[in-house]
Each structure stands twice: as C-alpha cells, then as structure tokens.
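First the structure, in the form of structure tokens, and then the observations on it.
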Amino acid sequence: MDRRSRQDIASRYDGHLQRCYVLGKLASDPVYAATAALLAGSPLPLLDIGCGIGLLGQYLHVCGHQASYFGLDHDPRKVAAGQHAARLAGLQEAIELRCADASDLPSMQGHVLLLDVLHYLPAAAQQALLRQASRHLAPTGQLIIRNVLREPNWRFHATRIEEFFLHASGWIRGGPQHYPDETELRAPLESAGLRVRVESLRGRTPFNSYLLVAQRAG
Ligand SMILES: C[S@@+](CC[C@H](N)C(=O)[O-])C[C@H]1O[C@@H](n2cnc3c(N)ncnc32)[C@H](O)[C@@H]1O
C-alpha cells in the first residue's frame, strides 16, 4: 500500500495519536498485506473477531476486496472509532462493526480472522474460541490467525514488554491472559479436521509473531 493510501485511511480516525498509530501500523506490520493476499479474489464474507478499530476492513477495501466484512470487538471505544472511519470513507454498507464479545459470534460462515487477539483470552477460552471459529468456516473458508507464540527467545520477551505498555496505556483493556504455544493452537484446529500451516510473520517489528492458516483438509 502506498503512502497516500495509508494517509487517507489514517485521516478517517480521530486525534493525532490514533492517526499516528494507524500510519505506523500500516507502514510496519505485514499482517494486513498477508491477509489481503490470502483472501484475494474470494467472494466469501469475512468475520474479523477482535477487529479493534476496523483497520483491516479499510485496508482490504483499498486493495479492491469486494466481499462483505463483519468485525466485532468488545471495546466500545474502538468499535465507535471504526464505525466513524467507515462512515467517513462512505463504507458503512461494506464494513459492519459491532460491539460484542468473542464468545458471541454471529451465525455467518465464510473466512474467519483472529489477528492479535487470542492471548487476551484465558487458555480455556482460547480453545473454545478456536473450536467456535472452525464452525464458522465455509467449506473453502480460511481461518487466519496472527498471534504471538510462547517460545524461549528474546522476541517473545520483547512482545511481553510491548504488551505491558499497551495495557498500561489503556489501549487494550484487560491485558494479556495467556500466551499460547504452537501446539495449543494446532490441537483444536486439527481435531476439527483442519489442515494448519504456520509461518513467522513479524515484518519490521521485533515481536514473536506468527501467521497460522487453517483450512478444511482436501
Ligand atoms: C491488538 S488488538 C488487534 C486489533 C485488530 N485485530 C488488528 O489486528 O488491527 C486486539 C483486539 O482484541 C480485542 N479483544 C480482546 N479480547 C476480546 C474479547 N473477549 N472479545 C472481543 N474482542 C476482544 C481488543 O479489544 C482489541 O481491540
């Protein structure tokens, strides 16, 4: 995405700090480009669980993605910011955002996204959400997860320090509850009959972030 498009998206959010956050995130974090590449050309609807300020919906629209986007997040401030940005872009029909907990998913089926969300849930709730998310996949749908994984390396510790400051700043209410390892994420997905692939996805960040893509086998 070019600089101009990043600035257009950032201008739809209120306040200098939030606009700086959006610009920095779009410039340095590869998660949105990786997601757009995986979804390219697919007409299936998207369910973005823990969508935050709805940045992915805006990004996908700029990339020409046509399918409907439904995001939910339990933080009403972020949902309101995302709804406001969608209205300013004239995308209120294409980008639907709702304030809800991840345990309360709508009945749709398509692709399911969990980007940097799971570690804010306790371990048992993560397992339950992964099983739930699998049931919301269309037959050719992809479950796209980006998350920090618990590993014995400095990147994991750098991620924990970042999380401490995110929580202290009030940006993420509740803070991290449990950092999963790869096996914990694979197990419920493979039990649901999904094939899982895992790759590192940290771009120019120092964080221990991975991309997991799960799809029905065959
Ligand atoms: C780090 S942000 C990621 C936002 C977005 N997925 C992105 O990548 O731009 C994590 C989001 O998960 C949301 N979240 C955490 N626990 C949640 C829950 N139980 N139900 C719904 N949203 C939740 C937070 O409010 C926050 O907006």
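Residue numbers start at 1 in each chain; chains themselves are named A, B, ... in the order of the structure tokens; ligands are numbered from 1 in the order shown.
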For the interface of range 127-193 of chain A with range 74-97 of chain A (cut-off 12 Å, counting only C-alpha atoms), please tabulate each contacting residue of range 127-193 of chain A alongside its nearest pair of atoms and their separation in Å to one decimal, rows sorted by chain and increasing number, as a Markdown table.
| residue | atom | partner | partner_atom | distance |
| --- | --- | --- | --- | --- |
| A:Gly170 | CA | A:Asp75 | CA | 11.1 |
| A:Trp171 | CA | A:Lys78 | CA | 9.2 |
| A:Ile172 | CA | A:Asp75 | CA | 8.4 |
| A:Arg173 | CA | A:Asp75 | CA | 7.8 |
| A:Gly174 | CA | A:Asp75 | CA | 10.5 |
Fill in: Contact residues around Ser103 in chain A with only C-alpha atoms at 12 Å, ignoring same-chain residues under 3 positions, as a ChimeraX atom specification
/A:49-50,72-74,99-100,106,118,121,124-133
Take the residues just selected and output them with C-alpha atoms as a PDB file, in the first residue's frame.
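Done, and the output landed in out-v8.pdb:
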ATOM      1  CA  ILE A  49     -13.036 -11.365  15.646  1.00  0.00           C
ATOM      2  CA  GLY A  50     -11.371  -8.711  17.844  1.00  0.00           C
ATOM      3  CA  LEU A  72     -16.662  -7.481  16.257  1.00  0.00           C
ATOM      4  CA  ASP A  73     -14.789  -6.252  19.301  1.00  0.00           C
ATOM      5  CA  HIS A  74     -15.689  -5.948  22.962  1.00  0.00           C
ATOM      6  CA  CYS A  99     -19.568  -4.286  19.889  1.00  0.00           C
ATOM      7  CA  ALA A 100     -19.672  -7.884  21.158  1.00  0.00           C
ATOM      8  CA  PRO A 106     -22.946 -14.162  14.564  1.00  0.00           C
ATOM      9  CA  LEU A 118      -6.091 -14.857  21.274  1.00  0.00           C
ATOM     10  CA  LEU A 121      -8.278 -14.618  26.435  1.00  0.00           C
ATOM     11  CA  ALA A 124      -9.638 -22.419  28.094  1.00  0.00           C
ATOM     12  CA  ALA A 125     -11.447 -19.573  26.299  1.00  0.00           C
ATOM     13  CA  GLN A 126      -8.815 -19.665  23.531  1.00  0.00           C
ATOM     14  CA  GLN A 127      -9.515 -23.350  22.938  1.00  0.00           C
ATOM     15  CA  ALA A 128     -13.279 -22.754  22.929  1.00  0.00           C
ATOM     16  CA  LEU A 129     -12.939 -19.807  20.511  1.00  0.00           C
ATOM     17  CA  LEU A 130     -10.776 -21.817  18.107  1.00  0.00           C
ATOM     18  CA  ARG A 131     -13.390 -24.584  18.054  1.00  0.00           C
ATOM     19  CA  GLN A 132     -16.164 -21.996  17.535  1.00  0.00           C
ATOM     20  CA  ALA A 133     -14.212 -20.198  14.803  1.00  0.00           C
TER      21      ALA A 133
END
Practice prompt. Write out as a PyMOL selection string the residues lying within 7 Å of range 135-144 of chain A, counting only C-alpha atoms and excluding same-chain residues fewer than 5 positions away.
Written response: chain A and resi 108-114+212-216
Mind writing the picked residues with C-alpha atoms as a PDB file, in the first residue's frame?
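In the end it all went to selection.pdb:
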ATOM      1  CA  MET A 108     -22.409 -16.353   9.350  1.00  0.00           C
ATOM      2  CA  GLN A 109     -19.960 -18.677   7.563  1.00  0.00           C
ATOM      3  CA  GLY A 110     -17.009 -17.585   5.426  1.00  0.00           C
ATOM      4  CA  HIS A 111     -13.416 -16.715   6.285  1.00  0.00           C
ATOM      5  CA  VAL A 112     -12.615 -16.093   9.944  1.00  0.00           C
ATOM      6  CA  LEU A 113      -9.864 -13.776  11.193  1.00  0.00           C
ATOM      7  CA  LEU A 114      -8.232 -13.648  14.609  1.00  0.00           C
ATOM      8  CA  LEU A 212      -1.421 -19.641  11.160  1.00  0.00           C
ATOM      9  CA  VAL A 213      -3.764 -20.527   8.325  1.00  0.00           C
ATOM     10  CA  ALA A 214      -6.249 -23.357   8.851  1.00  0.00           C
ATOM     11  CA  GLN A 215      -8.486 -24.855   6.171  1.00  0.00           C
ATOM     12  CA  ARG A 216     -10.518 -27.984   5.702  1.00  0.00           C
TER      13      ARG A 216
END
Worksheet item: Tyr59 in chain A: which residues within 9 Å, counting only C-alpha atoms, same-chain residues fewer than 5 positions away excluded, as a PyMOL selection string?
Response: chain A and resi 1+5-6+9+26+32-33+36+54+64-65
Worksheet item: Nearest to ligand 1 among A:Arg4, A:Arg197, A:Arg146, A:His61, with distances taken over only C-alpha atoms and all ligand atoms: which residue is it?
Response: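 Ranking A:Arg4, A:Arg197, A:Arg146, A:His61 by distance to ligand 1, first place goes to A:Arg146.
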Fill in: DSSP strand (DSSP E) residues within range 50-213 of chain A, listed as a ChimeraX atom specification
/A:69-73,95-99,111-115,142-148,194-200,209-213
Mind writing the picked residues with C-alpha atoms as a PDB file, in the first residue's frame?
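Generated file (out32.pdb):
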ATOM      1  CA  TYR A  69     -16.647  -7.510   6.155  1.00  0.00           C
ATOM      2  CA  PHE A  70     -18.120  -8.006   9.621  1.00  0.00           C
ATOM      3  CA  GLY A  71     -15.932  -7.076  12.583  1.00  0.00           C
ATOM      4  CA  LEU A  72     -16.662  -7.481  16.257  1.00  0.00           C
ATOM      5  CA  ASP A  73     -14.789  -6.252  19.301  1.00  0.00           C
ATOM      6  CA  ILE A  95     -17.793  -2.528   6.675  1.00  0.00           C
ATOM      7  CA  GLU A  96     -20.081  -3.570   9.514  1.00  0.00           C
ATOM      8  CA  LEU A  97     -18.685  -3.312  13.032  1.00  0.00           C
ATOM      9  CA  ARG A  98     -20.412  -4.434  16.195  1.00  0.00           C
ATOM     10  CA  CYS A  99     -19.568  -4.286  19.889  1.00  0.00           C
ATOM     11  CA  HIS A 111     -13.416 -16.715   6.285  1.00  0.00           C
ATOM     12  CA  VAL A 112     -12.615 -16.093   9.944  1.00  0.00           C
ATOM     13  CA  LEU A 113      -9.864 -13.776  11.193  1.00  0.00           C
ATOM     14  CA  LEU A 114      -8.232 -13.648  14.609  1.00  0.00           C
ATOM     15  CA  LEU A 115      -5.467 -11.082  14.371  1.00  0.00           C
ATOM     16  CA  GLN A 142      -9.731 -19.957   5.748  1.00  0.00           C
ATOM     17  CA  LEU A 143      -9.183 -19.334   9.422  1.00  0.00           C
ATOM     18  CA  ILE A 144      -6.396 -16.753   9.510  1.00  0.00           C
ATOM     19  CA  ILE A 145      -4.716 -16.264  12.857  1.00  0.00           C
ATOM     20  CA  ARG A 146      -1.845 -13.954  13.686  1.00  0.00           C
ATOM     21  CA  ASN A 147      -0.536 -14.252  17.211  1.00  0.00           C
ATOM     22  CA  VAL A 148       2.493 -14.114  19.414  1.00  0.00           C
ATOM     23  CA  LEU A 194      -8.459 -28.582   9.594  1.00  0.00           C
ATOM     24  CA  ARG A 195      -5.038 -28.546   7.978  1.00  0.00           C
ATOM     25  CA  VAL A 196      -2.817 -25.927   9.628  1.00  0.00           C
ATOM     26  CA  ARG A 197       0.229 -24.123   8.296  1.00  0.00           C
ATOM     27  CA  VAL A 198       2.402 -21.883  10.390  1.00  0.00           C
ATOM     28  CA  GLU A 199       4.966 -19.279   9.395  1.00  0.00           C
ATOM     29  CA  SER A 200       6.774 -16.426  11.048  1.00  0.00           C
ATOM     30  CA  SER A 209       4.505 -13.044  15.757  1.00  0.00           C
ATOM     31  CA  TYR A 210       3.307 -15.951  13.635  1.00  0.00           C
ATOM     32  CA  LEU A 211       0.686 -16.477  10.963  1.00  0.00           C
ATOM     33  CA  LEU A 212      -1.421 -19.641  11.160  1.00  0.00           C
ATOM     34  CA  VAL A 213      -3.764 -20.527   8.325  1.00  0.00           C
TER      35      VAL A 213
END
Worksheet item: Of the candidates A:Thr159, A:Ser42, A:Ser11, A:Asn153, which one gets nearest to ligand 1 if we count only C-alpha atoms and all ligand atoms?
Response: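 Checking each of A:Thr159, A:Ser42, A:Ser11, A:Asn153 against ligand 1, counting only C-alpha atoms and all ligand atoms, the winner is A:Thr159.
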Practice prompt. Enumerate the residues of chain A with a DSSP assignment of alpha helix (DSSP H), computed from the backbone, and present them as an MDAnalysis selection string.
Written response: chainID A and resid 3:11 16:28 31:39 55:62 76:88 123:135 154:169 182:191
Item to complete: Could you check which of A:Asp48, A:Asp101, A:Asp8, A:Asp29 is closest to ligand 1, using only C-alpha atoms and all ligand atoms?
Response: A:Asp101
Practice prompt. Between atom 19 (N, counted along the ligand's line) of ligand 1 and CA of Ala102 in chain A, measure the distance and give it in Å to one decimal.
Written response: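 Distance between the two atoms: 4.7 Å.
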Fill in: Shell of 7 Å around Pro176 in chain A, only C-alpha atoms, local chain residues under 2 positions omitted, as number ranges by chain
A: 119-120, 174, 178
Next, dump the selected residues to file, keeping only N, CA and C atoms, as a PDB file, in the first residue's frame.
ATOM      1  N   HIS A 119      -4.279 -14.074  22.736  1.00  0.00           N
ATOM      2  CA  HIS A 119      -3.573 -14.027  24.025  1.00  0.00           C
ATOM      3  C   HIS A 119      -4.269 -13.118  25.047  1.00  0.00           C
ATOM      4  N   TYR A 120      -5.321 -12.413  24.617  1.00  0.00           N
ATOM      5  CA  TYR A 120      -6.096 -11.613  25.583  1.00  0.00           C
ATOM      6  C   TYR A 120      -7.184 -12.454  26.247  1.00  0.00           C
ATOM      7  N   GLY A 174      -7.921  -5.107  30.025  1.00  0.00           N
ATOM      8  CA  GLY A 174      -7.751  -6.492  30.491  1.00  0.00           C
ATOM      9  C   GLY A 174      -6.323  -6.986  30.379  1.00  0.00           C
ATOM     10  N   HIS A 178      -3.007 -15.231  28.540  1.00  0.00           N
ATOM     11  CA  HIS A 178      -2.256 -16.481  28.371  1.00  0.00           C
ATOM     12  C   HIS A 178      -1.587 -16.457  27.001  1.00  0.00           C
TER      13      HIS A 178
END
Item to complete: Using only C-alpha atoms and all ligand atoms, find the one residue out of A:Leu23, A:Leu105, A:Val117, A:Ala34 that sits nearest to ligand 1.
Response: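 Going through A:Leu23, A:Leu105, A:Val117, A:Ala34 one by one, the smallest distance to ligand 1 is for A:Val117.
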Discussion item. Report, in Å to a single decimal, how far apart CA of Ala217 in chain A and CA of Gly193 in chain A are.
Written reply: 6.6 Å
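The nearest approach to Ser28 in chain A among the residues A:Arg3, A:Pro122, A:Tyr179, A:Gln66, with only C-alpha atoms taken into account, belongs to A:Arg3.
Here CA of Tyr13 in chain A stands at a distance of 23.3 Å from atom 19 (N, counted along the ligand's line) of ligand 1.
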